[in-house]
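File shown here: final-v5.csv, holding CSV, C-alpha atoms.
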```
chain,number,residue,atom,x,y,z
A,30,MET,CA,-4.9,-17.0,-13.2
A,31,LYS,CA,-2.3,-15.6,-15.5
A,32,ILE,CA,-2.8,-11.8,-15.6
A,33,LEU,CA,-1.2,-9.1,-17.7
A,34,VAL,CA,-1.2,-5.6,-16.2
A,35,THR,CA,-0.3,-2.7,-18.4
A,36,GLY,CA,1.0,0.5,-16.7
A,37,GLY,CA,1.6,-1.4,-13.4
A,38,CYS,CA,4.5,0.7,-12.3
A,39,GLY,CA,2.1,3.6,-11.8
A,40,TYR,CA,0.2,5.0,-8.8
A,41,LYS,CA,-2.4,2.2,-8.7
A,42,GLY,CA,-0.4,-0.6,-10.2
A,43,SER,CA,2.2,-0.3,-7.5
A,44,ILE,CA,-0.5,-1.3,-5.0
A,45,LEU,CA,-2.4,-3.6,-7.2
A,46,ILE,CA,0.4,-5.9,-8.4
A,47,PRO,CA,1.4,-7.0,-4.8
A,48,LYS,CA,-2.2,-7.7,-4.1
A,49,LEU,CA,-2.5,-9.9,-7.2
A,50,ILE,CA,0.6,-11.8,-6.3
A,51,LYS,CA,-0.6,-12.4,-2.7
A,52,LYS,CA,-3.8,-13.9,-4.2
A,53,GLY,CA,-1.7,-16.4,-6.0
A,54,HIS,CA,-2.0,-15.0,-9.6
A,55,LYS,CA,0.8,-15.2,-12.1
A,56,VAL,CA,1.5,-11.6,-13.1
A,57,ILE,CA,3.2,-10.0,-16.0
A,58,ASN,CA,3.6,-6.2,-16.0
A,59,TYR,CA,4.2,-4.2,-19.1
A,60,ASP,CA,5.0,-0.5,-18.5
A,61,SER,CA,7.1,2.3,-20.1
A,62,GLN,CA,8.4,3.2,-16.7
A,63,TRP,CA,8.2,6.9,-17.6
A,64,PHE,CA,7.8,7.7,-13.9
A,65,GLY,CA,10.2,5.1,-12.5
A,66,ASN,CA,9.8,1.6,-11.2
A,67,TYR,CA,8.8,1.2,-7.6
A,68,LEU,CA,8.3,-2.6,-7.8
A,69,ASN,CA,11.9,-3.6,-7.6
A,70,SER,CA,11.5,-5.0,-4.1
A,71,ILE,CA,8.5,-7.2,-5.2
A,72,ASN,CA,9.3,-10.8,-6.2
A,73,GLY,CA,7.2,-13.3,-8.0
A,74,PHE,CA,6.2,-11.5,-11.2
A,75,LYS,CA,7.7,-10.5,-14.6
A,76,ASN,CA,8.3,-6.8,-15.1
A,77,ILE,CA,8.8,-5.7,-18.7
A,78,LYS,CA,9.8,-2.2,-19.7
A,79,GLY,CA,8.1,-1.3,-23.0
A,80,ASP,CA,6.0,1.3,-24.8
A,81,ILE,CA,2.3,0.4,-24.8
A,82,ARG,CA,2.1,1.6,-28.4
A,83,GLU,CA,4.4,-1.2,-29.4
A,84,THR,CA,1.6,-3.7,-29.1
A,85,SER,CA,3.4,-6.5,-31.0
A,86,ASN,CA,5.9,-6.7,-28.1
A,87,ILE,CA,3.2,-7.3,-25.4
A,88,PRO,CA,3.2,-11.0,-24.4
A,89,LEU,CA,-0.3,-12.5,-24.6
A,90,GLU,CA,0.4,-16.2,-24.7
A,91,GLY,CA,-1.5,-18.0,-22.0
A,92,ILE,CA,-2.9,-14.8,-20.6
A,93,ASP,CA,-6.4,-15.2,-18.9
A,94,ILE,CA,-7.0,-11.6,-17.8
A,95,ILE,CA,-5.8,-8.2,-18.8
A,96,ILE,CA,-6.0,-5.2,-16.4
A,97,HIS,CA,-5.3,-2.2,-18.7
A,98,LEU,CA,-4.1,0.7,-16.5
A,99,ALA,CA,-1.6,2.3,-19.0
A,100,ASN,CA,-2.6,5.7,-20.2
A,101,VAL,CA,-1.7,9.4,-20.2
A,102,ALA,CA,-3.6,10.5,-17.1
A,103,ASN,CA,-5.5,13.7,-16.4
A,104,ASP,CA,-6.4,16.7,-18.5
A,105,PRO,CA,-3.2,18.8,-18.3
A,106,ALA,CA,-1.0,15.8,-19.1
A,107,VAL,CA,-3.0,14.9,-22.2
A,108,ASP,CA,-3.0,18.6,-23.3
A,109,LEU,CA,0.8,18.5,-23.5
A,110,ASN,CA,0.6,16.3,-26.5
A,111,PRO,CA,-3.0,15.4,-27.6
A,112,THR,CA,-1.8,13.3,-30.6
A,113,MET,CA,0.4,11.1,-28.4
A,114,SER,CA,-2.4,10.8,-25.9
A,115,TRP,CA,-4.9,9.5,-28.5
A,116,GLU,CA,-2.2,7.0,-29.6
A,117,VAL,CA,-1.6,5.8,-26.1
A,118,ASN,CA,-5.2,6.0,-24.6
A,119,VAL,CA,-7.2,4.8,-27.6
A,120,LEU,CA,-5.2,3.4,-30.6
A,121,ALA,CA,-2.8,1.3,-28.5
A,122,GLY,CA,-5.8,0.0,-26.5
A,123,GLN,CA,-7.7,-1.0,-29.6
A,124,GLN,CA,-4.7,-2.9,-30.9
A,125,LEU,CA,-4.1,-4.5,-27.5
A,126,ILE,CA,-7.7,-5.9,-27.2
A,127,ASP,CA,-7.7,-7.0,-30.8
A,128,ASN,CA,-4.5,-9.0,-30.2
A,129,ALA,CA,-6.0,-10.2,-26.9
A,130,GLN,CA,-9.1,-11.6,-28.7
A,131,ARG,CA,-6.9,-13.4,-31.2
A,132,ALA,CA,-4.8,-14.9,-28.3
A,133,GLY,CA,-7.9,-16.2,-26.5
A,134,VAL,CA,-8.0,-13.8,-23.5
A,135,LYS,CA,-11.3,-14.1,-21.8
A,136,HIS,CA,-11.5,-11.1,-19.5
A,137,PHE,CA,-10.5,-7.5,-20.0
A,138,ILE,CA,-10.6,-4.9,-17.2
A,139,TYR,CA,-10.2,-1.3,-18.2
A,140,ALA,CA,-9.3,1.6,-15.9
A,141,SER,CA,-11.5,4.3,-17.3
A,142,SER,CA,-12.4,7.5,-15.5
A,143,GLY,CA,-15.4,9.1,-13.7
A,144,SER,CA,-14.6,12.2,-15.7
A,145,VAL,CA,-16.2,10.8,-18.8
A,146,TYR,CA,-19.5,12.3,-17.7
A,147,GLY,CA,-18.4,15.9,-18.0
A,148,ILE,CA,-20.3,18.4,-16.1
A,149,LYS,CA,-23.5,17.0,-14.6
A,150,GLU,CA,-26.3,18.8,-12.6
A,151,GLU,CA,-27.9,15.6,-11.4
A,152,GLU,CA,-27.5,14.8,-7.7
A,153,SER,CA,-26.2,11.4,-8.5
A,154,VAL,CA,-24.3,10.5,-11.6
A,155,THR,CA,-25.1,6.9,-12.6
A,156,GLU,CA,-23.8,4.8,-15.5
A,157,ASP,CA,-27.0,5.2,-17.6
A,158,LEU,CA,-26.5,9.0,-18.0
A,159,THR,CA,-25.2,10.4,-21.2
A,160,LEU,CA,-21.5,10.9,-21.5
A,161,ILE,CA,-20.6,14.4,-22.5
A,162,PRO,CA,-16.8,14.7,-22.1
A,163,ILE,CA,-15.5,18.2,-22.0
A,164,SER,CA,-11.7,17.7,-22.4
A,165,THR,CA,-9.4,15.6,-24.7
A,166,TYR,CA,-8.6,13.3,-21.8
A,167,ASN,CA,-12.3,12.7,-21.1
A,168,LYS,CA,-12.9,12.0,-24.8
A,169,THR,CA,-10.0,9.4,-25.0
A,170,LYS,CA,-11.5,7.6,-22.1
A,171,MET,CA,-15.0,7.5,-23.5
A,172,VAL,CA,-13.9,6.4,-26.9
A,173,ALA,CA,-11.6,3.7,-25.4
A,174,GLU,CA,-14.6,2.3,-23.5
A,175,ARG,CA,-16.7,2.1,-26.6
A,176,VAL,CA,-13.8,0.3,-28.4
A,177,PHE,CA,-13.4,-2.3,-25.6
A,178,LEU,CA,-17.1,-2.9,-25.1
A,179,SER,CA,-17.4,-3.7,-28.8
A,180,TYR,CA,-15.5,-6.9,-28.1
A,181,SER,CA,-18.0,-8.1,-25.5
A,182,GLU,CA,-19.3,-11.0,-27.6
A,183,THR,CA,-16.0,-12.8,-27.3
A,184,MET,CA,-14.8,-11.8,-23.8
A,185,LYS,CA,-16.0,-10.3,-20.5
A,186,ILE,CA,-15.4,-6.6,-20.5
A,187,HIS,CA,-15.4,-4.5,-17.3
A,188,CYS,CA,-14.8,-0.7,-17.6
A,189,ILE,CA,-14.2,0.8,-14.2
A,190,ARG,CA,-14.8,4.5,-13.8
A,191,PRO,CA,-12.9,5.5,-10.7
A,192,ALA,CA,-13.4,8.7,-8.8
A,193,THR,CA,-10.4,10.7,-7.8
A,194,VAL,CA,-8.0,8.3,-6.1
A,195,CYS,CA,-6.3,9.2,-2.8
A,196,GLY,CA,-3.9,7.6,-0.4
A,197,ILE,CA,-0.3,6.3,-0.1
A,198,SER,CA,1.4,4.4,-2.9
A,199,PRO,CA,5.1,3.5,-3.5
A,200,ARG,CA,4.8,5.5,-6.7
A,201,MET,CA,3.1,8.4,-5.1
A,202,ARG,CA,1.1,11.1,-6.8
A,203,LEU,CA,1.1,14.6,-5.3
A,204,ASP,CA,-1.0,16.2,-8.0
A,205,VAL,CA,-4.4,14.7,-7.1
A,206,ALA,CA,-6.7,16.7,-4.7
A,207,VAL,CA,-6.6,14.9,-1.3
A,208,ASN,CA,-2.9,14.0,-1.6
A,209,LEU,CA,-1.9,17.5,-2.9
A,210,LEU,CA,-3.8,19.5,-0.3
A,211,THR,CA,-2.6,17.2,2.6
A,212,TYR,CA,1.0,17.5,1.6
A,213,GLN,CA,0.7,21.3,1.2
A,214,ALA,CA,-0.7,21.5,4.8
A,215,LEU,CA,2.2,19.3,6.1
A,216,SER,CA,5.0,20.9,4.2
A,217,LYS,CA,3.9,24.6,4.1
A,218,GLY,CA,1.3,24.9,6.8
A,219,GLU,CA,-0.9,26.4,4.1
A,220,ILE,CA,-3.4,25.0,1.6
A,221,THR,CA,-4.2,26.7,-1.7
A,222,VAL,CA,-7.7,25.9,-2.9
A,223,LEU,CA,-8.7,26.7,-6.5
A,224,GLY,CA,-12.4,27.5,-6.5
A,225,GLY,CA,-13.5,25.1,-3.8
A,226,GLU,CA,-17.2,24.7,-4.4
A,227,GLN,CA,-16.6,21.9,-7.0
A,228,THR,CA,-17.9,18.6,-5.7
A,229,ARG,CA,-15.8,15.6,-6.6
A,230,PRO,CA,-16.2,11.9,-5.8
A,231,ASN,CA,-13.2,10.2,-4.2
A,232,ILE,CA,-11.9,6.6,-3.6
A,233,HIS,CA,-9.1,5.3,-1.5
A,234,ILE,CA,-6.3,3.7,-3.5
A,235,GLN,CA,-6.6,0.4,-1.6
A,236,ASP,CA,-10.3,0.3,-2.4
A,237,ILE,CA,-9.9,0.9,-6.2
A,238,CYS,CA,-7.3,-1.9,-6.3
A,239,ASP,CA,-9.8,-4.1,-4.5
A,240,VAL,CA,-12.4,-3.3,-7.1
A,241,TYR,CA,-10.2,-4.9,-9.8
A,242,LEU,CA,-9.7,-7.9,-7.5
A,243,HIS,CA,-13.5,-8.1,-7.0
A,244,MET,CA,-14.0,-8.1,-10.8
A,245,ILE,CA,-11.6,-11.0,-11.2
A,246,GLN,CA,-13.0,-13.0,-8.3
A,247,ASN,CA,-16.6,-12.6,-9.4
A,248,ALA,CA,-16.2,-12.3,-13.2
A,249,SER,CA,-18.8,-15.0,-14.0
A,250,GLU,CA,-21.5,-13.2,-11.9
A,251,ILE,CA,-20.8,-9.6,-12.9
A,252,PRO,CA,-22.2,-8.6,-16.3
A,253,THR,CA,-20.1,-6.9,-18.9
A,254,GLY,CA,-20.4,-3.1,-18.7
A,255,SER,CA,-19.2,0.1,-17.1
A,256,TYR,CA,-19.1,0.6,-13.3
A,257,ASN,CA,-18.6,3.7,-11.3
A,258,ALA,CA,-16.2,3.4,-8.4
A,259,GLY,CA,-16.5,6.4,-6.0
A,260,PHE,CA,-17.9,6.5,-2.5
A,261,GLU,CA,-17.4,10.0,-1.0
A,262,ASN,CA,-18.7,13.1,-2.9
A,263,ILE,CA,-17.0,16.0,-1.2
A,264,SER,CA,-16.4,19.6,-2.2
A,265,ILE,CA,-12.7,20.7,-2.4
A,266,ASN,CA,-13.5,23.2,0.4
A,267,ASN,CA,-14.7,20.4,2.6
A,268,ILE,CA,-11.6,18.4,1.9
A,269,ALA,CA,-9.5,21.3,3.0
A,270,LYS,CA,-11.6,21.7,6.2
A,271,LEU,CA,-11.2,18.0,6.9
A,272,ILE,CA,-7.4,18.4,6.6
A,273,GLN,CA,-7.6,21.4,9.0
A,274,THR,CA,-9.1,19.1,11.7
A,275,LYS,CA,-6.0,17.0,11.5
A,276,ILE,CA,-3.2,19.6,10.7
A,277,ASP,CA,-2.8,23.2,11.9
A,278,CYS,CA,-2.8,25.1,8.6
A,279,LYS,CA,-4.3,28.0,6.8
A,280,VAL,CA,-6.5,27.8,3.7
A,281,ASN,CA,-6.2,30.3,0.9
A,282,ILE,CA,-9.0,30.2,-1.7
A,283,LYS,CA,-8.3,31.4,-5.3
A,284,PRO,CA,-10.3,31.6,-8.5
A,285,SER,CA,-10.5,28.5,-10.7
A,286,ASN,CA,-11.2,28.0,-14.4
A,287,ASP,CA,-12.0,24.3,-13.8
A,288,PRO,CA,-15.9,24.0,-13.7
A,289,ARG,CA,-16.1,20.2,-13.2
A,290,SER,CA,-18.4,19.4,-10.4
A,291,TYR,CA,-20.4,16.1,-10.1
A,292,ARG,CA,-21.5,13.4,-7.7
A,293,GLN,CA,-20.8,9.8,-8.5
A,294,ASP,CA,-23.3,7.1,-7.7
A,295,SER,CA,-21.7,3.6,-7.3
A,296,ASN,CA,-24.8,1.6,-6.4
A,297,LYS,CA,-24.4,-0.6,-9.5
A,298,LEU,CA,-21.0,-1.7,-8.2
A,299,LEU,CA,-22.2,-2.1,-4.6
A,300,LYS,CA,-25.0,-4.4,-5.9
A,301,THR,CA,-22.3,-6.8,-7.1
A,302,GLY,CA,-21.2,-7.3,-3.5
A,303,PHE,CA,-18.3,-4.9,-3.4
A,304,LYS,CA,-17.8,-2.9,-0.1
A,305,ALA,CA,-15.5,0.0,0.3
A,306,LYS,CA,-13.4,-0.3,3.5
A,307,ARG,CA,-11.5,3.0,3.6
A,308,THR,CA,-12.2,6.7,3.5
A,309,VAL,CA,-10.7,10.1,2.5
A,310,SER,CA,-10.1,10.6,6.2
A,311,ASP,CA,-8.1,7.4,6.3
A,312,ALA,CA,-6.0,8.6,3.3
A,313,ILE,CA,-5.2,11.9,5.0
A,314,ASP,CA,-4.2,10.0,8.2
A,315,GLU,CA,-1.9,7.7,6.2
A,316,ILE,CA,-0.2,10.7,4.4
A,317,ILE,CA,0.3,12.4,7.8
A,318,HIS,CA,1.9,9.3,9.3
A,319,GLU,CA,4.2,8.7,6.3
A,320,TYR,CA,5.3,12.4,6.3
A,321,ARG,CA,5.9,12.7,10.0
A,322,SER,CA,7.8,9.4,10.1
A,323,GLY,CA,10.1,10.7,7.4
A,324,LYS,CA,9.0,8.2,4.7
A,325,LEU,CA,7.2,10.7,2.5
A,326,GLU,CA,9.4,13.3,0.7
A,327,ASP,CA,8.3,15.1,-2.4
A,328,GLN,CA,9.8,13.7,-5.6
A,329,PRO,CA,9.7,15.4,-9.1
A,330,GLU,CA,8.2,12.3,-10.7
A,331,TRP,CA,5.2,12.5,-8.4
A,332,HIS,CA,3.9,15.5,-10.4
A,333,THR,CA,2.8,14.1,-13.7
A,334,VAL,CA,2.7,17.2,-15.9
A,335,ASN,CA,5.9,18.8,-14.7
A,336,TRP,CA,7.8,15.5,-15.0
A,337,MET,CA,6.5,14.9,-18.6
A,338,LYS,CA,7.6,18.5,-19.5
A,339,THR,CA,11.0,18.2,-17.9
A,340,ASN,CA,11.7,14.8,-19.5
A,341,GLN,CA,10.1,15.7,-22.9
A,342,ILE,CA,8.1,12.5,-22.8
A,343,SER,CA,6.4,11.8,-26.2
```
Here is the file; what I need is its structure written in the form of structure tokens.
Amino acid sequence: MKILVTGGCGYKGSILIPKLIKKGHKVINYDSQWFGNYLNSINGFKNIKGDIRETSNIPLEGIDIIIHLANVANDPAVDLNPTMSWEVNVLAGQQLIDNAQRAGVKHFIYASSGSVYGIKEEESVTEDLTLIPISTYNKTKMVAERVFLSYSETMKIHCIRPATVCGISPRMRLDVAVNLLTYQALSKGEITVLGGEQTRPNIHIQDICDVYLHMIQNASEIPTGSYNAGFENISINNIAKLIQTKIDCKVNIKPSNDPRSYRQDSNKLLKTGFKAKRTVSDAIDEIIHEYRSGKLEDQPEWHTVNWMKTNQIS
């Protein structure tokens, strides 16, 4: 298959693209490279630097599948420039899929977010629950899903709603819960937990990338629609306690103004035959190993909001 990945230089894409190449796919990556390019050592694909908003520059000739990862990620980053975020997360996506339809692309996989549900009191959050996004970021993801699904008469659409991703990537992120808290424990001997009672679903980065592969390999059998991808619903406090079993560190709990707390149910995905192979504990172990072997050192671009502020990305 000839696959276009957007945003492939990011946290997930830097793991996904080597997996796609290993499977024998022909890959083109289109990415602004706002946070750098950690794919220089990877051969066998075309890496194009470009703004996702410049949709006329995105090569679609002969493309079979698009994996659309490019977006302004997380609430604080979107809040830096809401207008730009709507342009990137929604408008550019609509123009991309419209061009894709005209070019004859048959399969579109969208990296949405489990945060589209907002705050839910249900014990398990399934795909049939009402979406009530509470932030601009959540809203852009919900609207983008609706846009993409409107093209389902002419192509297969899979909207994947990942839980919070964790684990090692060449383009690391140290501003997501498991990664952040583990790195704090290693570098400072102390974890700062904001709130702590919030329950969040999690998924290992290798597993979320395998979800995209699963959708490609089983496209004909998996119906168009939205699919949760999260397998461990853990409170922030319990993540900190798990880290403490592996690293000698203190835990400081401070108040939080972030009320989001929900459990994600991914049975719909599991019924398609997908099986998660890794855990939060595995992610913590990997981060510990990389840090102690000297391969993991904090970089400014691994903190999305601060990096965007410093570089005035717009």
**OP:** Rank nothing, just name the residue among A:Val101, A:Leu33, A:Ala173, A:Ile234 nearest to Pro199 (chain A), using all atoms listed in the file.
**Re:** A:Ile234
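When only C-alpha atoms are used to measure the gap to Gln227 (chain A), the shortest distance among A:Trp115, A:Tyr291, A:Tyr212, A:Phe64 belongs to A:Tyr291.
CA of Gly36 (chain A) is positioned 12.8 Å from CA of Ile138 (chain A).
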**OP:** Find the residues near Ile342 (chain A): any atom within 12 Å, counting all atoms listed in the file, skip ones fewer than 2 places away on the same chain, and give them as JSON, numbers by chain.
**Re:** {"A": [61, 62, 63, 64, 80, 101, 106, 107, 109, 110, 113, 114, 333, 334, 335, 336, 337, 338, 339, 340]}
Original post:
In Å, how far is it from CA of Ser198 (chain A) to CA of Gly79 (chain A)?
Top reply: 21.9 Å
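Using all atoms listed in the file, the shortest contact distance between Asp314 (chain A) and any of A:Leu98, A:Cys188, A:Cys195, A:Ile251 is found at A:Cys195.
For the pair CA of Ser249 (chain A) and CA of Phe137 (chain A), the separation is 12.7 Å.
Using only C-alpha atoms, the protein and nucleic acid residues lying no more than 6 Å from Thr169 (chain A), apart from those fewer than 3 places from it along its own chain, are Asn118, Val119, Tyr166, Val172 and Ala173 of chain A.
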Subject >> Shell of 8 Å around region 130-134 of chain A, only C-alpha atoms, local chain residues under 6 positions omitted, as a ChimeraX atom specification >> reply: /A:89-95,180,183-184
Would you write out those residues with C-alpha atoms, as a PDB file, in the coordinates of the input?
```
ATOM      1  CA  LEU A  89      -0.300 -12.500 -24.600  1.00  0.00           C
ATOM      2  CA  GLU A  90       0.400 -16.200 -24.700  1.00  0.00           C
ATOM      3  CA  GLY A  91      -1.500 -18.000 -22.000  1.00  0.00           C
ATOM      4  CA  ILE A  92      -2.900 -14.800 -20.600  1.00  0.00           C
ATOM      5  CA  ASP A  93      -6.400 -15.200 -18.900  1.00  0.00           C
ATOM      6  CA  ILE A  94      -7.000 -11.600 -17.800  1.00  0.00           C
ATOM      7  CA  ILE A  95      -5.800  -8.200 -18.800  1.00  0.00           C
ATOM      8  CA  TYR A 180     -15.500  -6.900 -28.100  1.00  0.00           C
ATOM      9  CA  THR A 183     -16.000 -12.800 -27.300  1.00  0.00           C
ATOM     10  CA  MET A 184     -14.800 -11.800 -23.800  1.00  0.00           C
TER      11      MET A 184
END
```
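Using only C-alpha atoms, the smallest distance between any of A:Cys278, A:Cys38, A:Leu325, A:Leu203 and Asn66 (chain A) comes from A:Cys38.
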Original post:
Could you tell me, as number ranges by chain, which residues have any atom at most 10 Å from (-28.0, 14.2, -10.7), counting all atoms listed in the file?
Top reply: A: 149-155, 158, 291-294
Just-selected residues, C-alpha atoms written as a PDB file, in the frame of the given file:
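Here's the written file again_36.pdb:
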```pdb
ATOM      1  CA  LYS A 149     -23.500  17.000 -14.600  1.00  0.00           C
ATOM      2  CA  GLU A 150     -26.300  18.800 -12.600  1.00  0.00           C
ATOM      3  CA  GLU A 151     -27.900  15.600 -11.400  1.00  0.00           C
ATOM      4  CA  GLU A 152     -27.500  14.800  -7.700  1.00  0.00           C
ATOM      5  CA  SER A 153     -26.200  11.400  -8.500  1.00  0.00           C
ATOM      6  CA  VAL A 154     -24.300  10.500 -11.600  1.00  0.00           C
ATOM      7  CA  THR A 155     -25.100   6.900 -12.600  1.00  0.00           C
ATOM      8  CA  LEU A 158     -26.500   9.000 -18.000  1.00  0.00           C
ATOM      9  CA  TYR A 291     -20.400  16.100 -10.100  1.00  0.00           C
ATOM     10  CA  ARG A 292     -21.500  13.400  -7.700  1.00  0.00           C
ATOM     11  CA  GLN A 293     -20.800   9.800  -8.500  1.00  0.00           C
ATOM     12  CA  ASP A 294     -23.300   7.100  -7.700  1.00  0.00           C
TER      13      ASP A 294
END
```
Original post:
In file coordinates, which residues lie within 10 Å of (-16.2, -7.1, -11.5) using all atoms listed in the file, given as JSON, numbers by chain?
Top reply: {"A": [138, 185, 186, 187, 188, 189, 239, 240, 241, 242, 243, 244, 245, 246, 247, 248, 249, 250, 251, 252, 253, 254, 255, 256, 298, 301, 302, 303]}
Original post:
Which one is closest to Ile32 (chain A): A:Glu116, A:Ile282, A:Arg82, A:His136? Count all atoms listed in the file.
Top reply: A:His136
Subject >> Among the residues A:Asn58, A:Thr159, A:Gln328, A:Thr274, the one that comes closest to Gly37 (chain A) [using all atoms listed in the file] >> reply: A:Asn58
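For Lys304 (chain A), the non-local neighbours within 12 Å, defined as residues at least 6 positions apart in the same chain or in other chains and counting all atoms listed in the file, are Ile232, Gln235, Asp236, Ile237, Asp239, Val240, His243, Ala258, Gly259, Phe260, Ser295, Asn296, Lys297 and Leu298 of chain A.
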For those residues, write C-alpha atoms to a file as a PDB file, keeping the file's coordinate frame.
```pdb
ATOM      1  CA  ILE A 232     -11.900   6.600  -3.600  1.00  0.00           C
ATOM      2  CA  GLN A 235      -6.600   0.400  -1.600  1.00  0.00           C
ATOM      3  CA  ASP A 236     -10.300   0.300  -2.400  1.00  0.00           C
ATOM      4  CA  ILE A 237      -9.900   0.900  -6.200  1.00  0.00           C
ATOM      5  CA  ASP A 239      -9.800  -4.100  -4.500  1.00  0.00           C
ATOM      6  CA  VAL A 240     -12.400  -3.300  -7.100  1.00  0.00           C
ATOM      7  CA  HIS A 243     -13.500  -8.100  -7.000  1.00  0.00           C
ATOM      8  CA  ALA A 258     -16.200   3.400  -8.400  1.00  0.00           C
ATOM      9  CA  GLY A 259     -16.500   6.400  -6.000  1.00  0.00           C
ATOM     10  CA  PHE A 260     -17.900   6.500  -2.500  1.00  0.00           C
ATOM     11  CA  SER A 295     -21.700   3.600  -7.300  1.00  0.00           C
ATOM     12  CA  ASN A 296     -24.800   1.600  -6.400  1.00  0.00           C
ATOM     13  CA  LYS A 297     -24.400  -0.600  -9.500  1.00  0.00           C
ATOM     14  CA  LEU A 298     -21.000  -1.700  -8.200  1.00  0.00           C
TER      15      LEU A 298
END
```
Excluding Glu174 (chain A) and residues on its chain fewer than 3 positions from it, collect all residues at most 8 Å away from it, counting only C-alpha atoms, and give them as a compact mmCIF listing (two decimals) with C-alpha atoms, in the frame of the given file.
```
# COMPACT_ATOMS: atom_id res chain seq x y z
CA TYR A 139 -10.20 -1.30 -18.20
CA SER A 141 -11.50 4.30 -17.30
CA LYS A 170 -11.50 7.60 -22.10
CA MET A 171 -15.00 7.50 -23.50
CA PHE A 177 -13.40 -2.30 -25.60
CA LEU A 178 -17.10 -2.90 -25.10
CA CYS A 188 -14.80 -0.70 -17.60
```
